[in-house]
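Raw contents of my_file_27.cif, mmCIF, C-alpha atoms and all ligand atoms:
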```cif
data_coords
loop_
_atom_site.label_atom_id
_atom_site.label_comp_id
_atom_site.auth_asym_id
_atom_site.auth_seq_id
_atom_site.Cartn_x
_atom_site.Cartn_y
_atom_site.Cartn_z
CA MET A 3 331.13 119.27 73.57
CA LYS A 4 332.68 118.01 76.78
CA VAL A 5 334.55 114.88 77.90
CA SER A 6 335.37 114.02 81.52
CA ILE A 7 337.96 111.41 82.31
CA LYS A 8 339.62 109.85 85.36
CA ALA A 9 343.40 110.02 85.78
CA PRO A 10 344.42 107.41 88.39
CA ALA A 11 347.66 107.30 90.38
CA LYS A 12 350.23 104.51 90.00
CA ILE A 13 352.48 102.69 92.42
CA ASN A 14 355.63 100.73 91.57
CA LEU A 15 355.48 97.20 93.03
CA SER A 16 359.01 96.66 91.77
CA LEU A 17 361.55 99.12 90.37
CA ASP A 18 365.01 98.10 89.20
CA VAL A 19 367.59 100.50 87.75
CA LEU A 20 369.82 98.57 85.34
CA ARG A 21 372.26 101.12 83.87
CA LYS A 22 372.77 104.75 82.97
CA ARG A 23 372.23 105.55 79.30
CA ASN A 24 374.03 108.05 77.10
CA ASP A 25 370.86 110.18 76.75
CA GLY A 26 370.83 110.98 80.50
CA TYR A 27 368.05 108.49 81.32
CA HIS A 28 368.40 105.16 83.13
CA GLU A 29 367.40 101.79 81.76
CA VAL A 30 364.76 100.45 84.16
CA LYS A 31 362.66 97.33 84.74
CA MET A 32 359.52 98.15 86.69
CA ILE A 33 356.21 96.58 87.63
CA MET A 34 353.55 99.25 87.91
CA THR A 35 349.90 99.13 88.85
CA MET A 36 347.07 101.65 89.15
CA VAL A 37 345.23 102.52 92.37
CA ASP A 38 341.78 104.08 92.68
CA LEU A 39 342.93 107.52 93.76
CA ALA A 40 342.34 109.71 90.70
CA ASP A 41 342.43 113.27 89.42
CA ARG A 42 339.48 114.32 87.26
CA ILE A 43 340.07 115.93 83.88
CA ASP A 44 337.24 117.93 82.24
CA LEU A 45 337.88 118.79 78.60
CA THR A 46 335.68 121.38 76.87
CA ASN A 47 336.05 122.07 73.16
CA CYS A 48 336.99 125.65 72.39
CA ASP A 49 336.47 127.28 68.97
CA SER A 50 339.13 129.94 69.55
CA GLY A 51 341.77 127.28 68.88
CA LYS A 52 343.54 128.03 72.18
CA ILE A 53 344.57 125.55 74.88
CA THR A 54 343.84 126.81 78.40
CA VAL A 55 344.27 125.09 81.77
CA ASP A 56 342.76 125.60 85.21
CA VAL A 57 343.82 123.49 88.21
CA SER A 58 342.07 123.09 91.56
CA GLU A 59 345.46 123.32 93.33
CA GLY A 60 347.02 126.78 93.01
CA PHE A 61 350.61 125.56 93.13
CA VAL A 62 350.33 123.28 90.07
CA PRO A 63 351.25 125.24 86.90
CA ASN A 64 348.30 126.26 84.68
CA ASP A 65 350.35 127.07 81.56
CA GLU A 66 352.53 125.21 79.05
CA ARG A 67 354.47 123.62 81.96
CA ASN A 68 351.39 121.56 82.81
CA PHE A 69 351.68 118.02 81.40
CA ALA A 70 348.01 118.02 80.37
CA TYR A 71 348.64 121.23 78.37
CA GLN A 72 351.65 119.54 76.76
CA ALA A 73 349.51 116.51 75.80
CA ALA A 74 346.90 118.74 74.13
CA ALA A 75 349.56 120.81 72.34
CA LEU A 76 351.24 117.66 71.02
CA LEU A 77 347.99 116.23 69.60
CA LYS A 78 346.93 119.58 68.16
CA LYS A 79 350.23 120.08 66.36
CA LYS A 80 350.75 116.51 65.14
CA TYR A 81 347.18 116.07 63.82
CA LYS A 82 346.71 119.72 62.72
CA VAL A 83 343.61 120.19 64.88
CA SER A 84 342.08 123.66 64.48
CA ALA A 85 339.93 123.47 67.65
CA GLY A 86 341.27 124.39 71.08
CA VAL A 87 340.36 122.99 74.47
CA HIS A 88 339.82 124.18 78.02
CA ILE A 89 341.27 121.68 80.49
CA TYR A 90 340.04 121.71 84.08
CA ILE A 91 342.04 119.48 86.45
CA THR A 92 340.60 118.52 89.83
CA LYS A 93 343.71 117.34 91.72
CA ARG A 94 343.30 114.54 94.22
CA ILE A 95 346.66 112.80 93.67
CA PRO A 96 349.40 114.35 95.84
CA VAL A 97 351.83 116.39 93.71
CA ALA A 98 355.55 115.56 93.23
CA ALA A 99 354.85 112.41 95.20
CA GLY A 100 356.07 109.47 93.10
CA LEU A 101 352.48 108.63 92.10
CA ALA A 102 352.68 109.90 88.48
CA GLY A 103 349.93 112.49 89.00
CA GLY A 104 351.10 114.79 86.21
CA SER A 105 351.81 111.84 83.88
CA SER A 106 348.33 110.42 84.46
CA ASP A 107 346.77 113.84 83.75
CA ALA A 108 348.69 113.91 80.45
CA ALA A 109 347.59 110.36 79.56
CA ALA A 110 343.94 111.12 80.40
CA THR A 111 344.10 114.28 78.30
CA LEU A 112 345.45 112.28 75.34
CA LYS A 113 342.63 109.73 75.70
CA GLY A 114 339.93 112.35 76.28
CA LEU A 115 340.99 114.51 73.32
CA ASN A 116 341.17 111.42 71.11
CA GLN A 117 337.39 111.23 71.72
CA LEU A 118 336.59 114.94 71.77
CA TRP A 119 338.51 115.68 68.57
CA GLU A 120 337.49 112.33 66.98
CA LEU A 121 341.07 111.44 66.05
CA GLY A 122 340.56 107.65 66.04
CA LEU A 123 344.04 106.93 67.45
CA THR A 124 344.88 103.56 69.05
CA LEU A 125 346.21 103.19 72.60
CA ASP A 126 349.61 102.27 71.11
CA GLN A 127 349.68 105.56 69.19
CA LEU A 128 348.63 107.55 72.26
CA ALA A 129 351.25 105.78 74.40
CA GLU A 130 353.98 106.58 71.86
CA LEU A 131 352.98 110.25 71.90
CA GLY A 132 352.84 110.19 75.70
CA ALA A 133 356.48 109.07 75.90
CA GLU A 134 357.44 112.46 74.44
CA ILE A 135 356.00 114.12 77.58
CA GLY A 136 357.46 111.82 80.25
CA SER A 137 358.65 108.27 80.87
CA ASP A 138 355.59 107.34 82.99
CA VAL A 139 352.96 108.63 80.53
CA SER A 140 352.88 105.53 78.29
CA PHE A 141 352.03 103.26 81.23
CA CYS A 142 349.32 105.71 82.32
CA VAL A 143 347.76 105.52 78.83
CA TYR A 144 347.34 101.72 79.12
CA GLY A 145 346.62 101.55 82.86
CA GLY A 146 346.11 98.21 84.60
CA THR A 147 349.27 96.39 85.67
CA ALA A 148 352.37 96.28 83.47
CA LEU A 149 356.03 95.48 83.11
CA ALA A 150 357.75 98.67 81.96
CA THR A 151 361.24 98.60 80.41
CA GLY A 152 363.47 100.93 78.40
CA ARG A 153 363.32 104.26 80.22
CA GLY A 154 359.84 103.16 81.36
CA GLU A 155 357.99 103.67 78.08
CA ILE A 156 358.01 100.06 76.76
CA ILE A 157 354.88 98.52 78.22
CA GLU A 158 353.77 94.89 78.48
CA SER A 159 350.46 94.14 80.17
CA ILE A 160 350.64 91.53 83.00
CA PRO A 161 348.13 90.10 85.51
CA SER A 162 346.83 92.47 88.19
CA PRO A 163 347.62 91.66 91.84
CA PRO A 164 344.90 89.96 93.93
CA PRO A 165 342.40 92.37 95.58
CA LEU A 166 344.29 94.33 98.25
CA TRP A 167 343.97 97.56 100.15
CA VAL A 168 346.62 100.20 99.71
CA ILE A 169 347.52 102.90 102.22
CA LEU A 170 349.31 105.86 100.66
CA ALA A 171 351.11 108.33 102.92
CA LYS A 172 353.17 111.30 101.80
CA PRO A 173 355.43 113.28 104.12
CA PRO A 174 355.25 117.08 103.62
CA ILE A 175 358.18 117.26 101.17
CA GLY A 176 358.46 117.17 97.37
CA VAL A 177 361.14 115.04 95.74
CA SER A 178 362.78 115.66 92.35
CA THR A 179 362.87 112.51 90.20
CA LYS A 180 365.96 113.82 88.42
CA GLU A 181 367.80 114.31 91.73
CA ILE A 182 367.02 110.78 92.92
CA TYR A 183 368.10 109.07 89.66
CA GLY A 184 371.19 111.29 89.69
CA ASN A 185 372.22 109.91 93.09
CA VAL A 186 371.85 106.17 92.34
CA LYS A 187 375.17 104.37 92.91
CA LEU A 188 374.77 101.43 90.57
CA HIS A 189 377.86 99.55 91.81
CA ARG A 190 376.33 99.17 95.29
CA ALA A 191 372.59 99.35 94.54
CA LYS A 192 370.32 96.52 95.63
CA HIS A 193 368.43 95.12 92.65
CA ALA A 194 364.85 93.88 92.43
CA ASP A 195 363.98 90.27 91.64
CA THR A 196 361.54 91.23 88.88
CA ASP A 197 361.08 87.64 87.69
CA ALA A 198 360.04 86.53 91.19
CA MET A 199 357.46 89.36 91.32
CA LEU A 200 356.17 88.39 87.86
CA THR A 201 355.78 84.77 89.02
CA ALA A 202 353.97 85.90 92.19
CA LEU A 203 351.53 87.96 90.07
CA GLU A 204 351.03 85.09 87.63
CA ASN A 205 350.18 82.77 90.56
CA GLN A 206 348.11 85.41 92.42
CA ASP A 207 350.45 84.66 95.34
CA THR A 208 349.83 87.51 97.80
CA ASP A 209 352.66 86.54 100.17
CA GLY A 210 355.06 86.24 97.21
CA ILE A 211 354.08 89.79 96.16
CA PHE A 212 354.73 91.06 99.69
CA ALA A 213 358.11 89.28 99.80
CA HIS A 214 359.35 90.67 96.48
CA LEU A 215 358.37 94.35 96.77
CA HIS A 216 361.57 96.25 95.97
CA ASN A 217 362.53 99.70 94.72
CA THR A 218 366.18 100.42 93.86
CA LEU A 219 365.54 104.18 94.23
CA GLU A 220 364.33 103.75 97.81
CA ASP A 221 367.77 103.68 99.49
CA VAL A 222 368.71 106.90 97.67
CA THR A 223 365.60 108.80 98.81
CA LEU A 224 365.74 107.36 102.35
CA GLU A 225 369.32 108.58 102.76
CA LEU A 226 368.47 112.10 101.54
CA TYR A 227 365.09 112.34 103.33
CA PRO A 228 365.07 110.40 106.67
CA GLU A 229 361.39 111.34 107.21
CA VAL A 230 360.52 108.81 104.48
CA LYS A 231 362.25 106.05 106.47
CA HIS A 232 360.37 107.17 109.58
CA LEU A 233 357.05 106.95 107.72
CA LYS A 234 357.90 103.46 106.43
CA ASP A 235 358.68 102.33 109.98
CA GLN A 236 355.42 103.79 111.29
CA MET A 237 353.36 102.11 108.60
CA LYS A 238 354.93 98.75 109.46
CA ARG A 239 354.38 99.37 113.16
CA PHE A 240 350.66 100.08 112.59
CA GLY A 241 350.36 96.70 110.85
CA ALA A 242 350.75 96.97 107.05
CA ASP A 243 351.58 93.57 105.52
CA ALA A 244 354.30 95.04 103.29
CA VAL A 245 355.59 98.58 102.81
CA LEU A 246 357.56 100.26 99.99
CA MET A 247 358.27 103.73 98.62
CA SER A 248 356.63 104.45 95.25
CA GLY A 249 358.71 105.72 92.29
CA SER A 250 361.29 108.27 93.37
CA GLY A 251 359.17 109.03 96.47
CA PRO A 252 358.43 110.45 98.88
CA THR A 253 355.06 108.61 99.04
CA VAL A 254 355.18 105.34 100.95
CA PHE A 255 352.55 102.67 100.27
CA GLY A 256 351.45 99.79 102.44
CA LEU A 257 349.64 96.71 101.11
CA VAL A 258 347.02 95.33 103.45
CA LYS A 259 344.78 92.27 103.22
CA THR A 260 341.88 93.34 105.45
CA GLU A 261 339.65 96.43 105.69
CA SER A 262 339.70 96.46 109.51
CA ARG A 263 343.50 96.69 109.56
CA VAL A 264 343.44 99.40 106.86
CA ASN A 265 341.23 101.53 109.08
CA ARG A 266 343.59 101.07 112.03
CA ILE A 267 346.65 102.04 109.98
CA TYR A 268 344.83 105.01 108.39
CA ASN A 269 343.75 106.37 111.79
CA GLY A 270 347.21 105.82 113.27
CA LEU A 271 349.02 107.63 110.45
CA ARG A 272 346.54 110.52 110.36
CA GLY A 273 347.87 111.49 113.79
CA PHE A 274 351.09 112.84 112.32
CA CYS A 275 350.86 112.73 108.51
CA GLU A 276 348.56 115.12 106.62
CA GLU A 277 348.33 113.26 103.32
CA VAL A 278 347.04 109.74 103.92
CA HIS A 279 344.70 107.81 101.60
CA ALA A 280 343.16 104.35 101.95
CA VAL A 281 342.42 103.02 98.44
CA ARG A 282 342.06 99.79 96.46
CA LEU A 283 344.22 98.46 93.67
CA ILE A 284 342.52 98.79 90.28
CA ARG A 285 342.23 95.27 88.88
CA THR A 286 341.82 94.60 85.15
CA SER A 287 341.79 91.56 82.92
CA ASN A 288 345.14 90.45 81.53
CA THR A 289 344.83 92.47 78.32
CA CYS A 290 345.26 96.11 77.45
CA PRO A 291 341.90 97.90 77.57
CA LYS A 292 340.61 99.06 74.19
CA PRO A 293 340.28 102.84 73.75
CA ASP A 294 336.50 102.72 74.23
CA GLU A 295 336.91 100.84 77.54
CA SER A 296 339.04 103.58 79.06
CA ASP A 297 338.24 105.80 82.02
CA ILE A 298 335.91 108.19 80.19
CA LEU A 299 333.34 109.28 82.78
C1 LIG B 1 360.50 107.15 89.09
C2 LIG B 1 359.39 106.83 88.10
O1 LIG B 1 358.24 107.60 88.42
C3 LIG B 1 359.02 105.36 88.29
O2 LIG B 1 357.79 105.04 87.68
C4 LIG B 1 359.82 107.10 86.66
O3 LIG B 1 360.97 106.33 86.32
C5 LIG B 1 360.04 108.56 86.38
O4 LIG B 1 359.22 108.93 85.35
P1 LIG B 1 358.89 110.47 85.00
O5 LIG B 1 358.57 111.23 86.23
O6 LIG B 1 357.88 110.43 83.89
O7 LIG B 1 360.31 110.96 84.52
P2 LIG B 1 360.72 111.91 83.29
O8 LIG B 1 359.93 113.16 83.35
O9 LIG B 1 360.73 111.13 82.02
O10 LIG B 1 362.24 112.22 83.68
C6 LIG B 1 362.61 113.11 84.70
C7 LIG B 1 364.09 112.91 84.96
O11 LIG B 1 364.29 111.67 85.69
C8 LIG B 1 365.44 110.99 85.23
N1 LIG B 1 365.05 109.67 84.69
C9 LIG B 1 363.74 109.38 84.43
C10 LIG B 1 363.38 108.14 83.94
C11 LIG B 1 364.41 107.19 83.72
N2 LIG B 1 364.13 105.96 83.24
N3 LIG B 1 365.70 107.51 83.98
C12 LIG B 1 366.05 108.73 84.49
O12 LIG B 1 367.23 108.99 84.74
C13 LIG B 1 366.07 111.88 84.16
O13 LIG B 1 367.05 112.67 84.81
C14 LIG B 1 364.93 112.75 83.70
O14 LIG B 1 365.37 114.01 83.22
N1 LIG B 2 348.97 118.10 85.78
C1 LIG B 2 349.96 118.18 86.69
N2 LIG B 2 349.77 117.72 87.93
C2 LIG B 2 350.77 117.77 88.85
N3 LIG B 2 351.97 118.31 88.62
C3 LIG B 2 352.22 118.80 87.40
C4 LIG B 2 351.24 118.74 86.39
N4 LIG B 2 351.77 119.27 85.29
C5 LIG B 2 353.01 119.63 85.59
N5 LIG B 2 353.31 119.38 86.87
C6 LIG B 2 354.62 119.61 87.51
O1 LIG B 2 355.27 118.35 87.62
C7 LIG B 2 355.94 118.21 88.88
C8 LIG B 2 355.90 116.75 89.29
O2 LIG B 2 354.58 116.44 89.65
P1 LIG B 2 353.95 114.95 89.65
O3 LIG B 2 352.81 115.00 90.63
O4 LIG B 2 353.65 114.49 88.28
O5 LIG B 2 355.19 114.16 90.25
P2 LIG B 2 355.41 112.63 90.52
O6 LIG B 2 354.17 112.00 91.08
O7 LIG B 2 356.63 112.52 91.38
O8 LIG B 2 355.71 112.02 89.11
P3 LIG B 2 356.40 110.61 88.75
O9 LIG B 2 355.87 109.59 89.73
O10 LIG B 2 355.91 110.38 87.33
O11 LIG B 2 357.89 110.83 88.85
C9 LIG B 2 355.21 119.14 89.82
O12 LIG B 2 356.09 119.74 90.71
C10 LIG B 2 354.52 120.18 88.91
O13 LIG B 2 355.22 121.41 88.91
#
```
Rewrite the structure of this file - the entire thing - as structure tokens.
Ligand SMILES: C[C@](O)(CO)[C@H](O)COP(=O)(O)OP(=O)(O)OC[C@H]1O[C@@H](n2ccc(N)nc2=O)[C@H](O)[C@@H]1O
Ligand SMILES: Nc1ncnc2c1ncn2[C@@H]1O[C@H](COP(=O)(O)OP(=O)(O)OP(=O)(O)O)[C@@H](O)[C@H]1O
Amino acid sequence: MKVSIKAPAKINLSLDVLRKRNDGYHEVKMIMTMVDLADRIDLTNCDSGKITVDVSEGFVPNDERNFAYQAAALLKKKYKVSAGVHIYITKRIPVAAGLAGGSSDAAATLKGLNQLWELGLTLDQLAELGAEIGSDVSFCVYGGTALATGRGEIIESIPSPPPLWVILAKPPIGVSTKEIYGNVKLHRAKHADTDAMLTALENQDTDGIFAHLHNTLEDVTLELYPEVKHLKDQMKRFGADAVLMSGSGPTVFGLVKTESRVNRIYNGLRGFCEEVHAVRLIRTSNTCPKPDESDIL
């Protein structure tokens, strides 16, 4: 028995850091949406009872450090599953990039194993389990577009943005999420106008979305890694309508209305940046997808 499932990347259209909590996390208010750049997860049932992982990229861990492994181990333990699984991950999402690649692999593994092991769990149950692996996993379980609060694990589905192109570009550095949150200076941080972004999405107001893109973590990453600022400037110069860093970075995304301009920006950036992708936003209806409408291939 085998299940194959897509694990798409996310971008943060808006990311506000509200306060530091006693548990070491920060209280956040974020608007996240999926883009159609995805890893592929192949899950094959395994009678030995073991969980094994293979990854197409040699530098991603293939043991219990892998978030997909952790997702399988969590389900197996909690629901006393005797079967094991072999997980093959075809990586397409840049790693340590601010695009939630590992979190999406974990979420896809939870959804895929829910089918393979016939557990009958709801998306809410899978999202709650996912939060034990990482703050971004719950959003990745639901997908679509959402307002995320708490440490990022409280998810409310909201309208998707209008159809837009997205250029993703990652400079050749990895950024630690922990380091970036650790360097936020809340007394002088610039905050996002989340309500204005929510209104823009509600009204399908493309220019309003462009105007209210904001990420409180961006100033921190830009100060530590000036190459991210350089990439942002280049993307603007080549003609993106609006540009922002995703998550804790270092990936920068540009939103673009027209395909012709996307091609121009893509070709321009390819000249000096190795990891560039031209993708579309994934648009969904304004409700959480049911488990059987997920990304099972
Ligand atoms: C930057 C974002 O990607 C935006 O979507 C997320 O907020 C980060 O989500 P994530 O990568 O799943 O992060 P986690 O694995 O849960 O946490 C990694 C580290 O980031 C810091 N962290 C993360 C989330 C949060 N709300 N506050 C934090 O301070 C903590 O130091 C934590 O130890
Ligand atoms: N399935 C996986 N894919 C990618 N990285 C993984 C995976 N499992 C564990 N990791 C580890 O997690 C680290 C962060 O990788 P990931 O690509 O998830 O970062 P990210 O996109 O910055 O995440 P986020 O946006 O959620 O903060 C990597 O350095 C890698 O060692």
Distance filter 8 Å around ligand LIG 1 (chain B), atoms: all atoms listed in the file, out as an MDAnalysis selection string: chainID A and resid 12:14 17 19 22 26:30 32 34 100:102 105 133 135:139 152:154 178:184 219 248:251
For C-alpha atoms, I'd like the residues from the last selection saved as a tab-separated table (two decimals), in the coordinates of the input.
```
chain	number	residue	atom	x	y	z
A	12	LYS	CA	350.23	104.51	90.00
A	13	ILE	CA	352.48	102.69	92.42
A	14	ASN	CA	355.63	100.73	91.57
A	17	LEU	CA	361.55	99.12	90.37
A	19	VAL	CA	367.59	100.50	87.75
A	22	LYS	CA	372.77	104.75	82.97
A	26	GLY	CA	370.83	110.98	80.50
A	27	TYR	CA	368.05	108.49	81.32
A	28	HIS	CA	368.40	105.16	83.13
A	29	GLU	CA	367.40	101.79	81.76
A	30	VAL	CA	364.76	100.45	84.16
A	32	MET	CA	359.52	98.15	86.69
A	34	MET	CA	353.55	99.25	87.91
A	100	GLY	CA	356.07	109.47	93.10
A	101	LEU	CA	352.48	108.63	92.10
A	102	ALA	CA	352.68	109.90	88.48
A	105	SER	CA	351.81	111.84	83.88
A	133	ALA	CA	356.48	109.07	75.90
A	135	ILE	CA	356.00	114.12	77.58
A	136	GLY	CA	357.46	111.82	80.25
A	137	SER	CA	358.65	108.27	80.87
A	138	ASP	CA	355.59	107.34	82.99
A	139	VAL	CA	352.96	108.63	80.53
A	152	GLY	CA	363.47	100.93	78.40
A	153	ARG	CA	363.32	104.26	80.22
A	154	GLY	CA	359.84	103.16	81.36
A	178	SER	CA	362.78	115.66	92.35
A	179	THR	CA	362.87	112.51	90.20
A	180	LYS	CA	365.96	113.82	88.42
A	181	GLU	CA	367.80	114.31	91.73
A	182	ILE	CA	367.02	110.78	92.92
A	183	TYR	CA	368.10	109.07	89.66
A	184	GLY	CA	371.19	111.29	89.69
A	219	LEU	CA	365.54	104.18	94.23
A	248	SER	CA	356.63	104.45	95.25
A	249	GLY	CA	358.71	105.72	92.29
A	250	SER	CA	361.29	108.27	93.37
A	251	GLY	CA	359.17	109.03	96.47
```
Residues near stretch 256-262 of chain A, anyone? I mean within 6 Å using only C-alpha atoms, not counting same-chain ones fewer than 2 positions away, as an mmCIF file with C-alpha atoms, in the frame of the given file.
```cif
data_model
loop_
_atom_site.group_PDB
_atom_site.id
_atom_site.type_symbol
_atom_site.label_atom_id
_atom_site.label_comp_id
_atom_site.auth_asym_id
_atom_site.auth_seq_id
_atom_site.Cartn_x
_atom_site.Cartn_y
_atom_site.Cartn_z
ATOM 1 C CA LEU A 166 344.290 94.330 98.250
ATOM 2 C CA TRP A 167 343.970 97.560 100.150
ATOM 3 C CA VAL A 168 346.620 100.200 99.710
ATOM 4 C CA ILE A 169 347.520 102.900 102.220
ATOM 5 C CA ALA A 242 350.750 96.970 107.050
ATOM 6 C CA ASP A 243 351.580 93.570 105.520
ATOM 7 C CA ALA A 244 354.300 95.040 103.290
ATOM 8 C CA VAL A 245 355.590 98.580 102.810
ATOM 9 C CA VAL A 264 343.440 99.400 106.860
ATOM 10 C CA ASN A 265 341.230 101.530 109.080
#
```
Please return the centre and edge lengths, in Å to one decimal, of a box with edges along x, y and z that contains all listed atoms of ligand LIG 2 (chain B), widened by 8 Å on every side, as lines of an AutoDock Vina configuration file.
```
center_x = 353.4
center_y = 115.5
center_z = 88.3
size_x = 24.9
size_y = 27.8
size_z = 22.1
```
9 Å contact set for A:Glu59, all atoms listed in the file, chain neighbours under 6 positions out, as a list in words: Ile91, Thr92 and Lys93 of chain A
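Across the structure, atom CA of A:Thr54 and atom CA of A:Tyr90 are spaced 8.5 Å apart.
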Residue nearest ligand LIG 2 (chain B) - candidates A:Glu276, A:Asp41, A:Asp235, A:Asp197, atoms counted: all atoms listed in the file: A:Asp41
Residue among A:Leu123, A:Val281, A:Ala148, A:Leu115 lying closest to A:Ala74, counting only C-alpha atoms: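 Answer, going by the shortest atom-to-atom distance: A:Leu115.
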Expected answer as a PyMOL selection string: all residues with atoms within 9 Å of (341.6, 127.3, 84.7), all atoms listed in the file: chain A and resi 54-58+64+88-91
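Distances to ligand LIG 2 (chain B) were evaluated for A:Lys52, A:Arg67, A:Lys82, A:Lys113 using only C-alpha atoms and all ligand atoms, and the minimum falls at A:Arg67.
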Contacts of A:Phe240 at 10 Å (all atoms listed in the file; same-chain gap of 3+ positions) as a PyMOL selection string: chain A and resi 235-237+243+263-264+266-271
For atom CA of A:His193 and atom C7 of ligand LIG 2 (chain B), the interatomic separation in Å (one decimal):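 Distance between the two atoms: 26.5 Å.
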